[in-house]
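coords.cif, holding mmCIF, C-alpha atoms:
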```cif
data_upload
#
loop_
_atom_site.group_PDB
_atom_site.id
_atom_site.type_symbol
_atom_site.label_atom_id
_atom_site.label_comp_id
_atom_site.auth_asym_id
_atom_site.auth_seq_id
_atom_site.Cartn_x
_atom_site.Cartn_y
_atom_site.Cartn_z
ATOM 1 C CA MET A 1 114.615 66.136 72.800
ATOM 2 C CA SER A 2 111.840 64.285 71.027
ATOM 3 C CA GLY A 3 111.628 60.495 70.869
ATOM 4 C CA ASN A 4 112.960 60.587 67.322
ATOM 5 C CA ALA A 5 116.055 62.498 68.393
ATOM 6 C CA ILE A 6 116.821 59.958 71.116
ATOM 7 C CA ASP A 7 116.845 57.190 68.515
ATOM 8 C CA ILE A 8 119.012 59.226 66.157
ATOM 9 C CA GLY A 9 121.851 59.738 68.657
ATOM 10 C CA THR A 10 122.187 55.993 69.130
ATOM 11 C CA MET A 11 122.036 55.444 65.369
ATOM 12 C CA LEU A 12 124.763 58.034 64.733
ATOM 13 C CA ARG A 13 127.022 56.423 67.316
ATOM 14 C CA ALA A 14 126.510 53.026 65.652
ATOM 15 C CA LEU A 15 127.318 54.485 62.210
ATOM 16 C CA ARG A 16 130.501 56.054 63.569
ATOM 17 C CA LYS A 17 131.577 52.765 65.136
ATOM 18 C CA GLU A 18 130.831 50.924 61.866
ATOM 19 C CA LYS A 19 133.326 53.267 60.198
ATOM 20 C CA GLY A 20 135.825 52.374 62.913
ATOM 21 C CA LEU A 21 136.251 56.000 63.967
ATOM 22 C CA SER A 22 136.850 57.455 67.381
ATOM 23 C CA ILE A 23 134.566 60.267 68.404
ATOM 24 C CA PHE A 24 137.411 62.734 67.857
ATOM 25 C CA LYS A 25 138.281 61.503 64.357
ATOM 26 C CA ALA A 26 134.625 61.637 63.298
ATOM 27 C CA ALA A 27 134.251 65.088 64.845
ATOM 28 C CA LYS A 28 137.296 66.318 62.934
ATOM 29 C CA GLU A 29 135.742 65.088 59.669
ATOM 30 C CA LEU A 30 132.532 66.925 60.584
ATOM 31 C CA ASN A 31 134.380 70.121 61.562
ATOM 32 C CA ILE A 32 132.947 70.079 65.076
ATOM 33 C CA SER A 33 134.448 69.326 68.472
ATOM 34 C CA GLY A 34 134.551 65.827 69.888
ATOM 35 C CA ASN A 35 132.629 67.066 72.905
ATOM 36 C CA TYR A 36 129.841 68.442 70.691
ATOM 37 C CA LEU A 37 129.578 65.173 68.723
ATOM 38 C CA SER A 38 129.488 63.239 71.982
ATOM 39 C CA GLN A 39 126.609 65.414 73.178
ATOM 40 C CA ILE A 40 124.743 64.786 69.906
ATOM 41 C CA GLU A 41 125.284 61.033 70.175
ATOM 42 C CA ARG A 42 124.139 61.044 73.821
ATOM 43 C CA ASP A 43 121.031 63.074 72.930
ATOM 44 C CA ILE A 44 122.100 66.050 75.015
ATOM 45 C CA LYS A 45 122.315 68.487 72.077
ATOM 46 C CA VAL A 46 120.326 68.852 68.876
ATOM 47 C CA PRO A 47 122.713 70.006 66.141
ATOM 48 C CA SER A 48 122.082 72.999 63.921
ATOM 49 C CA GLU A 49 120.855 72.493 60.377
ATOM 50 C CA VAL A 50 124.388 73.093 59.079
ATOM 51 C CA VAL A 51 125.815 70.330 61.264
ATOM 52 C CA ILE A 52 122.937 68.005 60.365
ATOM 53 C CA TYR A 53 123.823 68.450 56.678
ATOM 54 C CA ARG A 54 127.459 67.617 57.393
ATOM 55 C CA ILE A 55 126.442 64.531 59.374
ATOM 56 C CA ALA A 56 124.113 63.409 56.579
ATOM 57 C CA LYS A 57 126.848 63.800 53.982
ATOM 58 C CA PHE A 58 129.453 62.066 56.147
ATOM 59 C CA TYR A 59 127.250 59.047 56.880
ATOM 60 C CA GLU A 60 125.591 59.077 53.431
ATOM 61 C CA LEU A 61 122.134 59.735 54.874
ATOM 62 C CA ASP A 62 119.210 61.685 53.429
ATOM 63 C CA PRO A 63 119.496 65.235 54.855
ATOM 64 C CA GLU A 64 115.725 65.789 54.872
ATOM 65 C CA GLU A 65 115.127 62.559 56.769
ATOM 66 C CA LEU A 66 117.865 63.363 59.274
ATOM 67 C CA LEU A 67 116.464 66.859 59.809
ATOM 68 C CA PHE A 68 113.036 65.328 60.419
ATOM 69 C CA LYS A 69 114.455 62.862 62.943
ATOM 70 C CA PHE A 70 115.941 65.789 64.849
ATOM 71 C CA GLY A 71 112.567 67.547 64.769
ATOM 72 C CA LYS A 72 113.636 70.106 62.172
ATOM 73 C CA THR A 73 112.587 70.827 58.612
ATOM 74 C CA MET A 74 114.546 71.761 55.527
ATOM 75 C CA PRO A 75 114.069 75.455 54.743
ATOM 76 C CA ALA A 76 112.772 75.994 51.198
ATOM 77 C CA TRP A 77 115.863 77.991 50.203
ATOM 78 C CA THR A 78 118.141 75.093 51.203
ATOM 79 C CA LYS A 79 116.772 72.774 48.530
ATOM 80 C CA ASP A 80 117.584 75.369 45.884
ATOM 81 C CA VAL A 81 121.112 75.913 47.220
ATOM 82 C CA ILE A 82 121.806 72.187 46.957
ATOM 83 C CA ASP A 83 120.862 72.281 43.254
ATOM 84 C CA ILE A 84 123.135 75.231 42.355
ATOM 85 C CA PRO A 85 126.749 73.944 42.245
ATOM 86 C CA HIS A 86 128.580 77.269 42.670
ATOM 87 C CA LEU A 87 126.295 78.416 45.460
ATOM 88 C CA LYS A 88 126.591 75.025 47.141
ATOM 89 C CA LYS A 89 130.400 75.311 46.999
ATOM 90 C CA ILE A 90 130.356 78.734 48.644
ATOM 91 C CA VAL A 91 127.933 77.613 51.338
ATOM 92 C CA THR A 92 130.037 74.487 51.965
ATOM 93 C CA GLU A 93 133.187 76.571 52.390
ATOM 94 C CA ILE A 94 131.384 78.871 54.810
ATOM 95 C CA SER A 95 129.943 75.933 56.758
ATOM 96 C CA ASN A 96 133.431 74.423 57.137
ATOM 97 C CA ASP A 97 134.932 77.654 58.480
ATOM 98 C CA LYS A 98 135.308 77.188 62.231
ATOM 99 C CA ARG A 99 135.721 80.930 62.783
ATOM 100 C CA ILE A 100 132.042 81.525 61.974
ATOM 101 C CA GLU A 101 129.280 80.555 64.426
ATOM 102 C CA ASN A 102 126.507 78.263 63.149
ATOM 103 C CA ASP A 103 123.746 80.880 63.360
ATOM 104 C CA GLN A 104 125.932 83.289 61.370
ATOM 105 C CA LYS A 105 126.558 80.575 58.759
ATOM 106 C CA GLU A 106 122.849 80.038 58.256
ATOM 107 C CA ARG A 107 122.245 83.787 57.940
ATOM 108 C CA ILE A 108 125.036 84.115 55.357
ATOM 109 C CA ALA A 109 123.632 81.210 53.333
ATOM 110 C CA LYS A 110 120.177 82.808 53.281
ATOM 111 C CA GLU A 111 121.641 86.161 52.252
ATOM 112 C CA LEU A 112 123.642 84.570 49.420
ATOM 113 C CA TYR A 113 120.548 82.855 48.140
ATOM 114 C CA GLN A 114 118.600 86.125 48.268
ATOM 115 C CA ILE A 115 121.340 87.876 46.281
ATOM 116 C CA TYR A 116 121.205 85.079 43.726
ATOM 117 C CA ASN A 117 117.411 85.362 43.414
ATOM 118 C CA ASP A 118 117.593 89.147 43.103
ATOM 119 C CA HIS A 119 120.121 88.750 40.307
ATOM 120 C CA LEU A 120 117.846 86.321 38.468
ATOM 121 C CA LYS A 121 114.969 88.804 38.692
ATOM 122 C CA GLU A 122 117.175 91.509 37.157
ATOM 123 C CA ASP A 123 117.928 89.236 34.191
ATOM 124 C CA ASP A 124 114.216 88.704 33.425
#
```

Can you turn what I pasted into structure tokens?
Amino acid sequence: MSGNAIDIGTMLRALRKEKGLSIFKAAKELNISGNYLSQIERDIKVPSEVVIYRIAKFYELDPEELLFKFGKTMPAWTKDVIDIPHLKKIVTEISNDKRIENDQKERIAKELYQIYNDHLKEDD
């Protein structure tokens, strides 16, 4: 992990403790396992973009800044998804579904956005 990511794990742990949450209660809110959150907080794992967005929302952080701190960038399509309420709702439901792996969730979100863009082109 980069130096930024090391700092972020400690910061996330402090934010969780400020909320008075155990690692397992916070993990449940984030729809991830307690073990996975522990690994993120101890700088063992870098979370996927989907999990970073959930963490940002949960701790009321800027998603772009959090992505940057983990050494990642916000894909261009993601900014557009955030601004489209119905698409955001669908993507949120998919991201909260524990039956779907994170890489599959990201692929589905990209495909939904592409379908949306194709539809807009047809209307022009």

Evaluate the PyMOL selection byres ((chain A and resi 7-21) around 10) and record the selected residues as a CSV table (one decimal) with C-alpha atoms, in the frame of the given file, following the chain and residue labels used in the document.
```csv
chain,number,residue,atom,x,y,z
A,2,SER,CA,111.8,64.3,71.0
A,3,GLY,CA,111.6,60.5,70.9
A,4,ASN,CA,113.0,60.6,67.3
A,5,ALA,CA,116.1,62.5,68.4
A,6,ILE,CA,116.8,60.0,71.1
A,22,SER,CA,136.8,57.5,67.4
A,23,ILE,CA,134.6,60.3,68.4
A,24,PHE,CA,137.4,62.7,67.9
A,25,LYS,CA,138.3,61.5,64.4
A,26,ALA,CA,134.6,61.6,63.3
A,27,ALA,CA,134.3,65.1,64.8
A,37,LEU,CA,129.6,65.2,68.7
A,38,SER,CA,129.5,63.2,72.0
A,39,GLN,CA,126.6,65.4,73.2
A,40,ILE,CA,124.7,64.8,69.9
A,41,GLU,CA,125.3,61.0,70.2
A,42,ARG,CA,124.1,61.0,73.8
A,43,ASP,CA,121.0,63.1,72.9
A,44,ILE,CA,122.1,66.0,75.0
A,45,LYS,CA,122.3,68.5,72.1
A,46,VAL,CA,120.3,68.9,68.9
A,55,ILE,CA,126.4,64.5,59.4
A,56,ALA,CA,124.1,63.4,56.6
A,58,PHE,CA,129.5,62.1,56.1
A,59,TYR,CA,127.2,59.0,56.9
A,66,LEU,CA,117.9,63.4,59.3
A,69,LYS,CA,114.5,62.9,62.9
A,70,PHE,CA,115.9,65.8,64.8
```

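For Lys98 (chain A), the set of protein, DNA and RNA residues having any atom at most 12 Å away, when counting all atoms listed in the file and skipping those fewer than 5 positions along the same chain, is Lys28, Leu30, Asn31, Ile32, Ser33, Val51, Thr92, Glu93, Gln104 and Lys105 of chain A.
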
In Å and to one decimal, CA of Glu101 (chain A) is distant from CA of Ser48 (chain A) by 10.4 Å

*Place a sphere of radius 8 Å on (130.9, 83.0, 52.9) in the file coordinates and name every protein, DNA or RNA residue with an atom inside or on its surface, counting only C-alpha atoms; give the answer as number ranges by chain.*
A: 90-91, 93-94, 105, 108-109

Edge lengths and centre in Å to one decimal, as AutoDock Vina command-line options, of the axis-aligned box that encloses all listed atoms of region 43-57 of chain A with 8 Å added on every side?
```
--center_x 123.9 --center_y 68.1 --center_z 64.5 --size_x 23.1 --size_y 26.0 --size_z 37.0
```

Item to complete: Could you jot down the CA of Gly71 (chain A) to CA of Lys57 (chain A) separation for me, Å, one decimal place?
Response: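 About the pair CA of Gly71 (chain A) and CA of Lys57 (chain A): they are 18.3 Å apart.
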
Leu87 (chain A) proximity check over A:Tyr36, A:Pro47, A:Lys110, A:Arg54, using all atoms listed in the file: winner is A:Lys110

note - CA of Tyr113 (chain A) and CA of Ile84 (chain A) are separated by 9.9 Å

### Task
Using all atoms listed in the file, determine which residues lie at most 10 Å from Glu49 (chain A), disregarding the query and same-chain residues fewer than 4 positions distant; provide the list as a PyMOL selection string.
chain A and resi 53-55+63+66-67+70+72-75+78+102-103+106
